[in-house]
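Novice: Before we start, here is the structure in question, set down as structure tokens.
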Amino acid sequence: MAKLGGKVMVTGGAGYIGSHAVLALLDAGYEVVVVDNLVTGFDWAVDPRATLVEANVADDERVRATIRDHGVAAIVHFAGSVVVPESVTDPLKYYRNNTAATRSLIESAVSEGVRHFIFSSTAATYGTPAKVPVQEGDPTVPINPYGMSKLMSEAMLRDVAAAHPMNFAALRYFNVAGADPKGRSGQSTVGATHLIKIAVEAATGKRDSVAIFGTDFDTADGTGVRDYIHVSDLAAAHVAALAVLVARPADSHILNAGYGRGFSVNQVLDAVDRVTNQTIERRYAGRRAGDPAELIADNSAILATLDWRPERDRLDTIVEDALAWERKLGEMGR
Ligand code: UDP
């Protein structure tokens, strides 16, 4: 582990991806303080080895005091709003919780001398890519306020890193799924809209069927194709990014976080059927507004930049881990 010289502050560490990053950082030997307002996150999702500060990332006083009190040397920023359709109906919520809150957090980081910042960005910054696999240098033309709110945050980080002694890594996530293989965390959000979560809910009897949004895309089987990445591999990428930021303080990075391969909706549902040895009912529905046919990462940059390799990239592994967590949630009465 590179010498960081302080703790890692994880905002949104009580949420889905954040809680897995907390586990990965702790397992790698870092000390972690979580800042989360627990609006969508859960305190029980935060590993007890971490300290939990219940606060909003835009609360400058609390955030700065936390940075000082804990000797925070790096920030990994997950906190924010993540529901794409909601960003269309309530854009100002996204520009507040994502863009403005991130601006405030960056300012706290700079004024307290935090040297490293890792940001959860998204493939939604690309909008509808002209070609797949999509590369980091391709045009970023978000088609919803969610993607724009994250792209604006990337722009702030780029400008701030050029002006102040802070470097950053922005990871553009593709479709995150699965759960901690040790069963310590998973996707716990009620009312989730993501395909693999919905499919394992159906497989565990929480839903009757899965709607397939569009069967007339220009793809091999007509359904949408996505690059599904295991949340534990994604969490590990943040740990690897931190090591690179510490080792090379002059360099910042914007990196796609995906595997570079895609699966269709039907292929995902086939995997769920295979893993559960049952048949989920599929309903054919119309396309969802704004869904591109295909979204696949060119991941050559992350592979070249970070000491990171996919470990749980088999689709069946992702589904198995998601399913195990869904069953555990059931046992927990959630
Ligand atoms: N999808 C679907 N039924 C669902 C949820 C999603 O057919 O109930 C499709 C969606 O149209 C897309 C893919 O599954 O092609 C992944 O969608 P998801 O919402 O998981 O992530 P997105 O790619 O929109 O971020």
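Starting from 1 in every chain, residues are counted up; chains themselves are A, B, ... following the order of the structure tokens, and ligands are numbered from 1 as listed.
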Residues at most 7 Å from segment 105-117 of chain A, counting only C-alpha atoms, excluding those fewer than 3 positions away in the same chain, as a list of chain:residue names?
Specialist: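 Using only C-alpha atoms, the neighbours found are A:Val57, A:Ala58, A:Asp60, A:Arg64, A:Val72, A:Ala73, A:Ala74, A:Ile75, A:Val76, A:Ala101, A:Thr102, A:Pro165, A:Met166, A:Asn167, A:Phe168, A:Ala169, A:Leu245.
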Novice: Using only N, CA and C atoms, please write the residues we just selected to a file, as an mmCIF file, in the first residue's frame.
Specialist:
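So the final result, stored in part-v8.cif, reads:
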data_model
loop_
_atom_site.group_PDB
_atom_site.id
_atom_site.type_symbol
_atom_site.label_atom_id
_atom_site.label_comp_id
_atom_site.auth_asym_id
_atom_site.auth_seq_id
_atom_site.Cartn_x
_atom_site.Cartn_y
_atom_site.Cartn_z
ATOM 1 N N VAL A 57 -22.570 16.358 2.652
ATOM 2 C CA VAL A 57 -21.243 16.765 2.147
ATOM 3 C C VAL A 57 -21.176 18.266 1.870
ATOM 4 N N ALA A 58 -22.342 18.904 1.751
ATOM 5 C CA ALA A 58 -22.355 20.350 1.518
ATOM 6 C C ALA A 58 -22.314 21.140 2.823
ATOM 7 N N ASP A 60 -20.289 22.576 5.066
ATOM 8 C CA ASP A 60 -18.854 22.899 5.103
ATOM 9 C C ASP A 60 -18.252 22.727 6.489
ATOM 10 N N ARG A 64 -15.339 20.096 7.065
ATOM 11 C CA ARG A 64 -13.980 20.580 7.376
ATOM 12 C C ARG A 64 -13.507 20.095 8.731
ATOM 13 N N VAL A 72 -7.715 13.658 7.388
ATOM 14 C CA VAL A 72 -8.080 13.077 6.097
ATOM 15 C C VAL A 72 -7.087 13.518 5.017
ATOM 16 N N ALA A 73 -6.544 12.551 4.307
ATOM 17 C CA ALA A 73 -5.562 12.844 3.258
ATOM 18 C C ALA A 73 -6.134 12.605 1.863
ATOM 19 N N ALA A 74 -7.255 11.896 1.789
ATOM 20 C CA ALA A 74 -7.870 11.631 0.475
ATOM 21 C C ALA A 74 -9.378 11.530 0.653
ATOM 22 N N ILE A 75 -10.084 11.953 -0.372
ATOM 23 C CA ILE A 75 -11.549 11.857 -0.343
ATOM 24 C C ILE A 75 -11.999 10.991 -1.517
ATOM 25 N N VAL A 76 -12.878 10.053 -1.215
ATOM 26 C CA VAL A 76 -13.525 9.271 -2.269
ATOM 27 C C VAL A 76 -15.005 9.639 -2.207
ATOM 28 N N ALA A 101 -23.149 20.282 -4.411
ATOM 29 C CA ALA A 101 -22.569 19.626 -3.230
ATOM 30 C C ALA A 101 -21.119 19.237 -3.499
ATOM 31 N N THR A 102 -20.838 18.794 -4.719
ATOM 32 C CA THR A 102 -19.465 18.425 -5.068
ATOM 33 C C THR A 102 -18.577 19.666 -5.079
ATOM 34 N N PRO A 165 -2.794 22.193 -5.269
ATOM 35 C CA PRO A 165 -2.039 20.937 -5.110
ATOM 36 C C PRO A 165 -2.945 19.763 -4.756
ATOM 37 N N MET A 166 -3.795 19.391 -5.687
ATOM 38 C CA MET A 166 -4.686 18.246 -5.488
ATOM 39 C C MET A 166 -4.794 17.512 -6.819
ATOM 40 N N ASN A 167 -4.694 16.197 -6.804
ATOM 41 C CA ASN A 167 -4.959 15.458 -8.044
ATOM 42 C C ASN A 167 -6.223 14.632 -7.876
ATOM 43 N N PHE A 168 -6.760 14.177 -9.002
ATOM 44 C CA PHE A 168 -8.039 13.466 -8.914
ATOM 45 C C PHE A 168 -8.095 12.322 -9.910
ATOM 46 N N ALA A 169 -8.972 11.385 -9.590
ATOM 47 C CA ALA A 169 -9.355 10.347 -10.545
ATOM 48 C C ALA A 169 -10.874 10.337 -10.607
ATOM 49 N N LEU A 245 -2.808 7.852 -7.481
ATOM 50 C CA LEU A 245 -2.830 9.286 -7.154
ATOM 51 C C LEU A 245 -1.720 9.625 -6.160
#
Novice: Please extract the residues at most 8 Å from ligand 1, counting only C-alpha atoms and all ligand atoms, and provide them as a VMD selection string, using the chain letters and residue numbers of this document.
Specialist: chain A and resid 84 124 174 to 175 193 to 199 210 to 214 223 to 226 264 to 265 285 287 to 288 291 to 295
Novice: Please provide as a PyMOL selection string all residues within 9 Å of Ala21 of chain A, with the sequence filter that same-chain residues fewer than 5 positions apart are discarded (counting only C-alpha atoms).
Specialist: chain A and resi 10+13+26+76+231-232+234-239
Novice: Give the answer as one residue: which of A:Tyr146, A:Phe217, A:Phe42, A:Tyr126 has the shortest atom-to-atom distance to Ser185 of chain A, using only C-alpha atoms?
Specialist: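 Residue with the minimum atom-to-atom distance to Ser185 of chain A: A:Phe42.
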Novice: Quick one: of A:Thr276, A:Thr66, A:Ser19, A:Thr122, who's nearest to Gly205 of chain A, counting only C-alpha atoms?
Specialist: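 Among A:Thr276, A:Thr66, A:Ser19, A:Thr122, it is A:Thr276 that comes nearest to Gly205 of chain A.
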Novice: From the options A:Thr89, A:Thr279, A:Ser252, A:Ser121, which residue's atoms come nearest to Leu151 of chain A, counting only C-alpha atoms?
Specialist: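 The answer is A:Ser121, which sits nearest to Leu151 of chain A.
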Novice: So that I can check the secondary structure, give me every residue of segment 145-291 of chain A assigned strand (DSSP E or B) by backbone DSSP, as an MDAnalysis selection string.
Specialist: chainID A and resid 167:173 175:177 209:213 225:226 228:230 253:257 263:264 281:285
Novice: Please dump the current selection as a compact mmCIF listing (two decimals), in the first residue's frame; keep N, CA, C and O atoms.
Specialist:
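What ended up in again37.txt:
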# COMPACT_ATOMS: atom_id res chain seq x y z
N ASN A 167 -4.69 16.20 -6.80
CA ASN A 167 -4.96 15.46 -8.04
C ASN A 167 -6.22 14.63 -7.88
O ASN A 167 -6.73 14.46 -6.76
N PHE A 168 -6.76 14.18 -9.00
CA PHE A 168 -8.04 13.47 -8.91
C PHE A 168 -8.09 12.32 -9.91
O PHE A 168 -7.37 12.29 -10.91
N ALA A 169 -8.97 11.38 -9.59
CA ALA A 169 -9.35 10.35 -10.54
C ALA A 169 -10.87 10.34 -10.61
O ALA A 169 -11.54 10.29 -9.57
N ALA A 170 -11.41 10.45 -11.80
CA ALA A 170 -12.86 10.29 -12.00
C ALA A 170 -13.07 8.97 -12.71
O ALA A 170 -12.53 8.75 -13.79
N LEU A 171 -13.83 8.10 -12.09
CA LEU A 171 -14.13 6.81 -12.72
C LEU A 171 -15.53 6.87 -13.30
O LEU A 171 -16.49 7.18 -12.59
N ARG A 172 -15.60 6.62 -14.59
CA ARG A 172 -16.91 6.63 -15.27
C ARG A 172 -17.47 5.21 -15.25
O ARG A 172 -17.07 4.35 -16.04
N TYR A 173 -18.42 5.01 -14.33
CA TYR A 173 -18.98 3.68 -14.14
C TYR A 173 -19.91 3.31 -15.27
O TYR A 173 -20.76 4.09 -15.69
N ASN A 175 -22.43 -0.31 -16.02
CA ASN A 175 -23.58 -0.81 -15.25
C ASN A 175 -23.12 -1.63 -14.05
O ASN A 175 -22.69 -2.77 -14.22
N VAL A 176 -23.26 -1.07 -12.89
CA VAL A 176 -22.74 -1.69 -11.68
C VAL A 176 -23.78 -2.67 -11.12
O VAL A 176 -24.95 -2.35 -11.02
N ALA A 177 -23.31 -3.86 -10.77
CA ALA A 177 -24.23 -4.88 -10.27
C ALA A 177 -23.47 -5.84 -9.37
O ALA A 177 -22.25 -5.72 -9.19
N SER A 209 -42.67 -10.64 -12.55
CA SER A 209 -42.07 -10.74 -13.89
C SER A 209 -41.07 -9.61 -14.07
O SER A 209 -40.97 -8.71 -13.23
N VAL A 210 -40.35 -9.68 -15.18
CA VAL A 210 -39.43 -8.60 -15.55
C VAL A 210 -39.86 -8.05 -16.90
O VAL A 210 -40.09 -8.83 -17.85
N ALA A 211 -39.98 -6.74 -16.98
CA ALA A 211 -40.32 -6.11 -18.25
C ALA A 211 -39.03 -5.88 -19.04
O ALA A 211 -38.04 -5.40 -18.49
N ILE A 212 -39.05 -6.24 -20.29
CA ILE A 212 -37.92 -5.96 -21.17
C ILE A 212 -38.24 -4.69 -21.96
O ILE A 212 -39.20 -4.66 -22.73
N PHE A 213 -37.42 -3.68 -21.71
CA PHE A 213 -37.71 -2.37 -22.32
C PHE A 213 -37.11 -2.29 -23.72
O PHE A 213 -36.00 -1.80 -23.90
N VAL A 225 -27.95 -3.61 -24.86
CA VAL A 225 -26.69 -4.25 -24.45
C VAL A 225 -25.93 -3.30 -23.52
O VAL A 225 -25.77 -2.11 -23.82
N ARG A 226 -25.46 -3.84 -22.39
CA ARG A 226 -24.73 -3.04 -21.40
C ARG A 226 -23.49 -3.80 -20.92
O ARG A 226 -23.43 -5.01 -20.95
N TYR A 228 -21.84 -4.77 -17.83
CA TYR A 228 -22.11 -4.95 -16.39
C TYR A 228 -20.81 -5.21 -15.66
O TYR A 228 -20.08 -6.13 -16.00
N ILE A 229 -20.54 -4.38 -14.64
CA ILE A 229 -19.31 -4.53 -13.86
C ILE A 229 -19.66 -4.88 -12.42
O ILE A 229 -20.58 -4.29 -11.83
N HIS A 230 -18.94 -5.85 -11.87
CA HIS A 230 -19.17 -6.29 -10.49
C HIS A 230 -18.76 -5.20 -9.51
O HIS A 230 -17.67 -4.64 -9.62
N HIS A 253 -6.69 11.60 -13.61
CA HIS A 253 -7.15 10.59 -14.56
C HIS A 253 -8.66 10.57 -14.67
O HIS A 253 -9.36 10.64 -13.66
N ILE A 254 -9.15 10.45 -15.90
CA ILE A 254 -10.56 10.15 -16.12
C ILE A 254 -10.59 8.79 -16.81
O ILE A 254 -9.98 8.62 -17.88
N LEU A 255 -11.25 7.82 -16.17
CA LEU A 255 -11.13 6.43 -16.64
C LEU A 255 -12.49 5.75 -16.71
O LEU A 255 -13.27 5.82 -15.75
N ASN A 256 -12.75 5.08 -17.80
CA ASN A 256 -13.92 4.21 -17.88
C ASN A 256 -13.75 3.04 -16.93
O ASN A 256 -12.68 2.42 -16.88
N ALA A 257 -14.82 2.73 -16.19
CA ALA A 257 -14.79 1.56 -15.32
C ALA A 257 -15.82 0.56 -15.85
O ALA A 257 -17.02 0.65 -15.54
N PHE A 263 -23.58 -7.45 -22.50
CA PHE A 263 -24.61 -8.49 -22.51
C PHE A 263 -25.96 -7.83 -22.75
O PHE A 263 -26.23 -6.74 -22.25
N SER A 264 -26.80 -8.54 -23.50
CA SER A 264 -28.14 -8.02 -23.77
C SER A 264 -29.05 -8.31 -22.57
O SER A 264 -28.72 -9.13 -21.71
N GLU A 281 -40.58 -14.94 -15.58
CA GLU A 281 -41.47 -14.50 -16.66
C GLU A 281 -40.97 -13.18 -17.25
O GLU A 281 -40.67 -12.23 -16.52
N ARG A 282 -40.84 -13.16 -18.59
CA ARG A 282 -40.41 -11.95 -19.27
C ARG A 282 -41.62 -11.30 -19.93
O ARG A 282 -42.38 -11.97 -20.63
N ARG A 283 -41.78 -10.01 -19.71
CA ARG A 283 -42.83 -9.27 -20.40
C ARG A 283 -42.15 -8.33 -21.39
O ARG A 283 -41.12 -7.73 -21.07
N TYR A 284 -42.73 -8.21 -22.55
CA TYR A 284 -42.13 -7.34 -23.54
C TYR A 284 -42.78 -5.98 -23.49
O TYR A 284 -44.00 -5.86 -23.62
N ALA A 285 -42.00 -4.96 -23.24
CA ALA A 285 -42.52 -3.60 -23.09
C ALA A 285 -41.82 -2.70 -24.10
O ALA A 285 -40.83 -3.09 -24.72
Novice: Check the smallest atom-to-atom distance from each of A:Leu269, A:Ala220, A:Ala247, A:Ala297 to Leu4 of chain A using only C-alpha atoms, then report the winner.
Specialist: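 The answer is A:Ala247, which sits nearest to Leu4 of chain A.
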Novice: Measuring between only C-alpha atoms, which one of A:Thr11, A:Pro181, A:Ile318, A:Val200 shows the shortest distance to Asp273 of chain A?
Specialist: A:Val200
Novice: Got a sec: who's within 9 Å of Glu31 of chain A, counting only C-alpha atoms, leaving out chain neighbours fewer than 3 positions off, as a list in words?
Specialist: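 The contact residues come out as Gly6, Lys7, Val8, Met9, Leu25, Leu26, Arg49, Ala50 and Thr51 of chain A.
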Novice: Now that the selection is made, can you save its residues with C-alpha atoms as a tab-separated table (two decimals), in the first residue's frame?
Specialist:
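Once written, out_18.tsv looks like this:
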chain	number	residue	atom	x	y	z
A	6	GLY	CA	-3.87	10.10	6.73
A	7	LYS	CA	-7.34	8.66	6.61
A	8	VAL	CA	-9.63	8.26	3.63
A	9	MET	CA	-12.95	10.08	3.79
A	25	LEU	CA	-10.25	0.31	1.52
A	26	LEU	CA	-10.43	-1.24	5.00
A	49	ARG	CA	-14.14	-0.66	11.37
A	50	ALA	CA	-14.98	2.72	9.79
A	51	THR	CA	-16.16	5.84	11.63
Novice: Find the residues near Val246 of chain A: any atom within 8 Å, counting only C-alpha atoms, skip ones fewer than 2 places away on the same chain, and give them as number ranges by chain.
Specialist: A: 2-4, 116, 242-244, 248-249
Novice: Could the residues in this selection be written to a file with N, CA and C atoms, as a PDB file, in the first residue's frame?
Specialist:
ATOM      1  N   ALA A   2       0.564   2.168  -0.882  1.00  0.00           N
ATOM      2  CA  ALA A   2       1.322   3.424  -0.916  1.00  0.00           C
ATOM      3  C   ALA A   2       1.079   4.199   0.380  1.00  0.00           C
ATOM      4  N   LYS A   3       2.034   5.025   0.750  1.00  0.00           N
ATOM      5  CA  LYS A   3       1.896   5.791   1.995  1.00  0.00           C
ATOM      6  C   LYS A   3       0.972   6.979   1.760  1.00  0.00           C
ATOM      7  N   LEU A   4      -0.162   6.970   2.429  1.00  0.00           N
ATOM      8  CA  LEU A   4      -1.118   8.060   2.238  1.00  0.00           C
ATOM      9  C   LEU A   4      -0.897   9.159   3.268  1.00  0.00           C
ATOM     10  N   HIS A 116      -5.760  14.336  -2.488  1.00  0.00           N
ATOM     11  CA  HIS A 116      -6.245  13.369  -3.486  1.00  0.00           C
ATOM     12  C   HIS A 116      -7.762  13.259  -3.432  1.00  0.00           C
ATOM     13  N   LEU A 242      -6.473   5.209  -5.900  1.00  0.00           N
ATOM     14  CA  LEU A 242      -5.860   5.958  -4.793  1.00  0.00           C
ATOM     15  C   LEU A 242      -4.349   5.736  -4.782  1.00  0.00           C
ATOM     16  N   ALA A 243      -3.932   4.506  -4.989  1.00  0.00           N
ATOM     17  CA  ALA A 243      -2.488   4.206  -4.996  1.00  0.00           C
ATOM     18  C   ALA A 243      -1.783   4.997  -6.090  1.00  0.00           C
ATOM     19  N   VAL A 244      -2.401   5.095  -7.250  1.00  0.00           N
ATOM     20  CA  VAL A 244      -1.780   5.824  -8.361  1.00  0.00           C
ATOM     21  C   VAL A 244      -1.752   7.328  -8.081  1.00  0.00           C
ATOM     22  N   ARG A 248       1.800   9.257  -7.963  1.00  0.00           N
ATOM     23  CA  ARG A 248       2.099  10.270  -8.993  1.00  0.00           C
ATOM     24  C   ARG A 248       1.225  11.499  -8.770  1.00  0.00           C
ATOM     25  N   PRO A 249       1.638  12.349  -7.812  1.00  0.00           N
ATOM     26  CA  PRO A 249       0.772  13.453  -7.385  1.00  0.00           C
ATOM     27  C   PRO A 249       0.514  14.500  -8.469  1.00  0.00           C
TER      28      PRO A 249
END
Novice: Rounded to one decimal in Å, what is the spacing between atom CA of Ala65 of chain A and atom CA of Gly29 of chain A?
Specialist: 23.4 Å
Novice: Closest to Leu306 of chain A among A:Glu86, A:Ala123, A:Ala241, A:Lys93, using only C-alpha atoms?
Specialist: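 Comparing A:Glu86, A:Ala123, A:Ala241, A:Lys93 against Leu306 of chain A, the winner is A:Ala241.
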Novice: By how many Å are atom CA of Gly183 of chain A and atom CA of Asp321 of chain A apart?
Specialist: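 Between atom CA of Gly183 of chain A and atom CA of Asp321 of chain A the gap is 8.0 Å.
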Novice: Taking the backbone alone, and naming residues the way the document does, which bits of segment 145-303 of chain A are helix (DSSP H, G or I) by DSSP, as a PyMOL selection string?
Specialist: chain A and resi 145-163+195-203+231-247+265-276+300-303
Novice: Quick one: pull the distance between atom CA of Ile143 of chain A and atom CA of Pro129 of chain A, Å, one decimal.
Specialist: 10.4 Å
